[in-house]
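For reference, the structure discussed in these notes is given below.
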Amino acid sequence: MKVELGYDMLGNRLRRIGEVRIDYDMAGNRPSRLGHLELDYDMAGNRLRQVGAERIEYDQLGNRPVWFGAHALTYDTLGNRLRSIGDVGIDYDRAGSRVRRIGPLAVDYDRLGSRPRYLTADGDGPLDERMCVLVFLVLVAFAPAS
């Protein structure tokens, strides 16, 4: 299976994960829908609080997500790179700056190596909704600001 990641005309914002569309708010700054799932933010509009029915809980300081629904989020030793969401592991390249794998999905980058372009996995089945949400969280919502 090979899933293409689509971007806007400037190539800045992820607009599509395979056939699943990502809609943005009127200002175009933050995602508002992932396919049919509503994305809900806190009152300040900075932190994603919910994807569909799954709530996102943050640590005591309120800056790092620690739960997605019933799934714990784990981080590396320094606490700055997401290592897993529940039982789905997240691997990075040697420099540690680019996500290379999200569970069973390998992340392939464009020619410049700056943005994810394809997700590949063994088998021919379509990307299920759960994995699509996890890809969104890792690549967009919880991605460190660059």
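Starting from 1 in every chain, residues are counted up; chains themselves are A, B, ... following the order of the structure tokens, and ligands are numbered from 1 as listed.
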For the contact check between segment 26-113 of chain A and segment 140-145 of chain A, emit one row per residue of segment 26-113 of chain A within 10 Å, containing the shortest atom pair and the distance in Å rounded to one decimal, counting only C-alpha atoms, chain then rising number order, as CSV.
residue,atom,partner,partner_atom,distance
A:Arg30,CA,A:Ala141,CA,9.0
A:Pro31,CA,A:Ala141,CA,8.6
A:Arg47,CA,A:Ala141,CA,8.7
A:Leu48,CA,A:Ala141,CA,7.3
A:Arg64,CA,A:Phe142,CA,8.6
A:Pro65,CA,A:Phe142,CA,7.9
A:Asn80,CA,A:Pro144,CA,8.5
A:Arg81,CA,A:Pro144,CA,8.3
A:Leu82,CA,A:Phe142,CA,8.2
A:Ser97,CA,A:Pro144,CA,9.5
A:Arg98,CA,A:Ala143,CA,9.9
A:Val99,CA,A:Ala143,CA,9.5
Restricting the output to C-alpha atoms, write the selected residues as a compact mmCIF listing (two decimals), in the first residue's frame.
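Saved as selection29.txt:
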# COMPACT_ATOMS: atom_id res chain seq x y z
CA ARG A 30 -5.20 25.49 12.01
CA PRO A 31 -6.95 22.32 10.89
CA ARG A 47 -4.14 23.39 21.78
CA LEU A 48 -6.00 20.59 20.08
CA ARG A 64 2.73 18.47 26.09
CA PRO A 65 0.00 15.95 25.22
CA ASN A 80 10.95 16.31 23.34
CA ARG A 81 10.26 13.59 20.75
CA LEU A 82 7.08 11.55 20.68
CA SER A 97 14.63 15.34 13.16
CA ARG A 98 12.40 13.44 10.71
CA VAL A 99 9.75 10.82 11.41
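Counting only C-alpha atoms and comparing A:Val138, A:Asn29, A:Gln50, A:Leu61, the residue that lies closest to Tyr92 of chain A is A:Val138.
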Would you list the contacts of Arg130 of chain A as a PDB file with N, CA and C atoms, in the first residue's frame, taking every protein, DNA or RNA residue within 12 Å and counting only C-alpha atoms, but skipping same-chain residues closer than 5 positions in sequence?
ATOM      1  N   VAL A  20      -8.362  11.097   2.539  1.00  0.00           N
ATOM      2  CA  VAL A  20      -8.937  11.834   3.676  1.00  0.00           C
ATOM      3  C   VAL A  20      -8.485  13.291   3.604  1.00  0.00           C
ATOM      4  N   LEU A  34     -10.740  16.599   9.996  1.00  0.00           N
ATOM      5  CA  LEU A  34      -9.949  15.527   9.408  1.00  0.00           C
ATOM      6  C   LEU A  34     -10.950  14.530   8.858  1.00  0.00           C
ATOM      7  N   GLY A  35     -11.182  14.612   7.549  1.00  0.00           N
ATOM      8  CA  GLY A  35     -12.252  13.805   6.965  1.00  0.00           C
ATOM      9  C   GLY A  35     -13.571  14.224   7.565  1.00  0.00           C
ATOM     10  N   LEU A  37     -14.221  13.865  10.821  1.00  0.00           N
ATOM     11  CA  LEU A  37     -13.990  14.114  12.248  1.00  0.00           C
ATOM     12  C   LEU A  37     -13.752  15.601  12.518  1.00  0.00           C
ATOM     13  N   VAL A  51     -10.236  15.038  18.864  1.00  0.00           N
ATOM     14  CA  VAL A  51     -10.350  14.602  17.471  1.00  0.00           C
ATOM     15  C   VAL A  51     -11.534  13.653  17.431  1.00  0.00           C
ATOM     16  N   GLY A  52     -12.630  14.093  16.819  1.00  0.00           N
ATOM     17  CA  GLY A  52     -13.849  13.290  16.856  1.00  0.00           C
ATOM     18  C   GLY A  52     -14.282  13.127  18.302  1.00  0.00           C
ATOM     19  N   GLU A  54     -12.447  11.364  20.552  1.00  0.00           N
ATOM     20  CA  GLU A  54     -11.249  11.105  21.357  1.00  0.00           C
ATOM     21  C   GLU A  54     -10.672  12.400  21.922  1.00  0.00           C
ATOM     22  N   PHE A  68      -4.175  10.419  24.424  1.00  0.00           N
ATOM     23  CA  PHE A  68      -5.093  10.555  23.296  1.00  0.00           C
ATOM     24  C   PHE A  68      -6.145   9.477  23.479  1.00  0.00           C
ATOM     25  N   GLY A  69      -7.331   9.884  23.931  1.00  0.00           N
ATOM     26  CA  GLY A  69      -8.358   8.910  24.277  1.00  0.00           C
ATOM     27  C   GLY A  69      -7.837   8.032  25.407  1.00  0.00           C
ATOM     28  N   HIS A  71      -5.201   6.077  25.074  1.00  0.00           N
ATOM     29  CA  HIS A  71      -3.828   5.739  24.715  1.00  0.00           C
ATOM     30  C   HIS A  71      -2.842   6.744  25.307  1.00  0.00           C
ATOM     31  N   ILE A  85       2.211   6.340  20.527  1.00  0.00           N
ATOM     32  CA  ILE A  85       0.839   6.658  20.915  1.00  0.00           C
ATOM     33  C   ILE A  85       0.181   5.311  21.153  1.00  0.00           C
ATOM     34  N   GLY A  86      -0.012   4.982  22.418  1.00  0.00           N
ATOM     35  CA  GLY A  86      -0.504   3.648  22.753  1.00  0.00           C
ATOM     36  C   GLY A  86       0.509   2.608  22.308  1.00  0.00           C
ATOM     37  N   VAL A  88       1.359   2.058  19.165  1.00  0.00           N
ATOM     38  CA  VAL A  88       1.909   2.433  17.860  1.00  0.00           C
ATOM     39  C   VAL A  88       3.204   3.208  18.069  1.00  0.00           C
ATOM     40  N   ILE A 102       5.672   5.353  11.418  1.00  0.00           N
ATOM     41  CA  ILE A 102       4.550   5.486  12.343  1.00  0.00           C
ATOM     42  C   ILE A 102       3.864   4.132  12.353  1.00  0.00           C
ATOM     43  N   GLY A 103       4.132   3.353  13.387  1.00  0.00           N
ATOM     44  CA  GLY A 103       3.610   1.990  13.438  1.00  0.00           C
ATOM     45  C   GLY A 103       4.075   1.209  12.226  1.00  0.00           C
ATOM     46  N   VAL A 135      -1.449   9.394  12.047  1.00  0.00           N
ATOM     47  CA  VAL A 135      -0.549  10.081  11.110  1.00  0.00           C
ATOM     48  C   VAL A 135      -0.746  11.586  11.221  1.00  0.00           C
ATOM     49  N   PHE A 136      -1.993  12.029  11.269  1.00  0.00           N
ATOM     50  CA  PHE A 136      -2.283  13.455  11.422  1.00  0.00           C
ATOM     51  C   PHE A 136      -1.676  14.008  12.710  1.00  0.00           C
ATOM     52  N   LEU A 137      -1.856  13.295  13.809  1.00  0.00           N
ATOM     53  CA  LEU A 137      -1.327  13.763  15.089  1.00  0.00           C
ATOM     54  C   LEU A 137       0.193  13.884  15.047  1.00  0.00           C
TER      55      LEU A 137
END
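When only C-alpha atoms are used to compute distances to Arg55 of chain A, the closest of the residues A:Leu134, A:Ala70, A:Leu105, A:Met43 turns out to be A:Ala70.
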Looking only at the backbone, which of the residues in chain A does DSSP tag as strand (DSSP E), as JSON, numbers by chain? {"A": [2, 3, 4, 5, 6, 7, 14, 15, 16, 17, 20, 21, 22, 23, 24, 31, 32, 33, 34, 37, 38, 39, 40, 41, 48, 49, 50, 51, 54, 55, 56, 57, 58, 65, 66, 67, 68, 71, 72, 73, 74, 75, 82, 83, 84, 85, 88, 89, 90, 91, 92, 99, 100, 101, 102, 105, 106, 107, 108, 109, 116, 117, 118, 119, 120]}
Same residues, C-alpha atoms, saved as a compact mmCIF listing (two decimals), in the first residue's frame:
# COMPACT_ATOMS: atom_id res chain seq x y z
CA LYS A 2 1.25 3.48 -0.86
CA VAL A 3 -0.63 6.54 0.38
CA GLU A 4 0.15 9.97 -1.01
CA LEU A 5 0.23 13.03 1.23
CA GLY A 6 -1.16 16.12 -0.52
CA TYR A 7 -0.22 19.71 0.26
CA LEU A 14 -0.90 19.10 4.65
CA ARG A 15 -4.31 19.01 2.90
CA ARG A 16 -4.81 15.31 2.33
CA ILE A 17 -3.78 11.93 3.72
CA VAL A 20 -8.94 11.83 3.68
CA ARG A 21 -9.18 15.59 3.37
CA ILE A 22 -7.89 18.04 5.98
CA ASP A 23 -9.88 21.28 6.18
CA TYR A 24 -8.55 24.44 7.78
CA PRO A 31 -6.95 22.32 10.89
CA SER A 32 -10.67 22.21 11.65
CA ARG A 33 -11.66 18.79 10.21
CA LEU A 34 -9.95 15.53 9.41
CA LEU A 37 -13.99 14.11 12.25
CA GLU A 38 -14.29 17.52 13.91
CA LEU A 39 -11.18 18.95 15.55
CA ASP A 40 -11.83 20.91 18.73
CA TYR A 41 -9.41 23.37 20.35
CA LEU A 48 -6.00 20.59 20.08
CA ARG A 49 -8.36 19.13 22.68
CA GLN A 50 -10.35 16.57 20.74
CA VAL A 51 -10.35 14.60 17.47
CA GLU A 54 -11.25 11.11 21.36
CA ARG A 55 -10.07 13.67 23.92
CA ILE A 56 -6.48 14.85 24.23
CA GLU A 57 -5.11 15.42 27.73
CA TYR A 58 -2.02 17.52 28.45
CA PRO A 65 0.00 15.95 25.22
CA VAL A 66 0.10 12.84 27.40
CA TRP A 67 -3.15 11.03 26.50
CA PHE A 68 -5.09 10.56 23.30
CA HIS A 71 -3.83 5.74 24.72
CA ALA A 72 -0.82 7.08 26.61
CA LEU A 73 1.73 9.12 24.69
CA THR A 74 5.35 8.35 25.51
CA TYR A 75 8.38 10.51 24.82
CA LEU A 82 7.08 11.55 20.68
CA ARG A 83 7.99 7.82 20.74
CA SER A 84 4.58 6.17 20.77
CA ILE A 85 0.84 6.66 20.92
CA VAL A 88 1.91 2.43 17.86
CA GLY A 89 5.62 3.21 17.85
CA ILE A 90 7.18 6.24 16.17
CA ASP A 91 10.73 6.07 14.81
CA TYR A 92 13.01 8.86 13.62
CA VAL A 99 9.75 10.82 11.41
CA ARG A 100 10.63 7.66 9.48
CA ARG A 101 7.98 5.26 10.72
CA ILE A 102 4.55 5.49 12.34
CA LEU A 105 3.79 2.84 7.97
CA ALA A 106 7.12 4.00 6.57
CA VAL A 107 7.27 7.74 5.89
CA ASP A 108 8.97 8.71 2.61
CA TYR A 109 10.05 12.31 2.00
CA PRO A 116 6.64 13.78 4.07
CA ARG A 117 5.29 12.73 0.65
CA TYR A 118 4.19 9.07 0.92
CA LEU A 119 3.25 6.50 3.52
CA THR A 120 4.06 2.92 2.57
Exercise. Using the chain letters and numbers from this document, which residues of segment 20-144 of chain A does DSSP assign to alpha helix (DSSP H), as a PyMOL selection string?
Worked result: chain A and resi 129-136
Any chance you could export the current selection's N, CA and C atoms as a compact mmCIF listing (two decimals), in the first residue's frame?
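out12.txt written:
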# COMPACT_ATOMS: atom_id res chain seq x y z
N GLU A 129 -9.13 4.46 9.54
CA GLU A 129 -9.35 5.76 10.16
C GLU A 129 -8.42 5.99 11.35
N ARG A 130 -8.21 4.97 12.16
CA ARG A 130 -7.35 5.12 13.34
C ARG A 130 -5.93 5.50 12.93
N MET A 131 -5.37 4.81 11.95
CA MET A 131 -4.01 5.12 11.50
C MET A 131 -3.96 6.50 10.84
N CYS A 132 -5.00 6.87 10.14
CA CYS A 132 -5.06 8.19 9.52
C CYS A 132 -5.01 9.27 10.60
N VAL A 133 -5.74 9.09 11.69
CA VAL A 133 -5.73 10.05 12.79
C VAL A 133 -4.34 10.10 13.43
N LEU A 134 -3.72 8.95 13.63
CA LEU A 134 -2.39 8.92 14.24
C LEU A 134 -1.36 9.60 13.35
N VAL A 135 -1.45 9.39 12.05
CA VAL A 135 -0.55 10.08 11.11
C VAL A 135 -0.75 11.59 11.22
N PHE A 136 -1.99 12.03 11.27
CA PHE A 136 -2.28 13.46 11.42
C PHE A 136 -1.68 14.01 12.71
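In this model, the gap between atom CA of Ala44 of chain A and atom CA of Gly62 of chain A comes to 12.5 Å.
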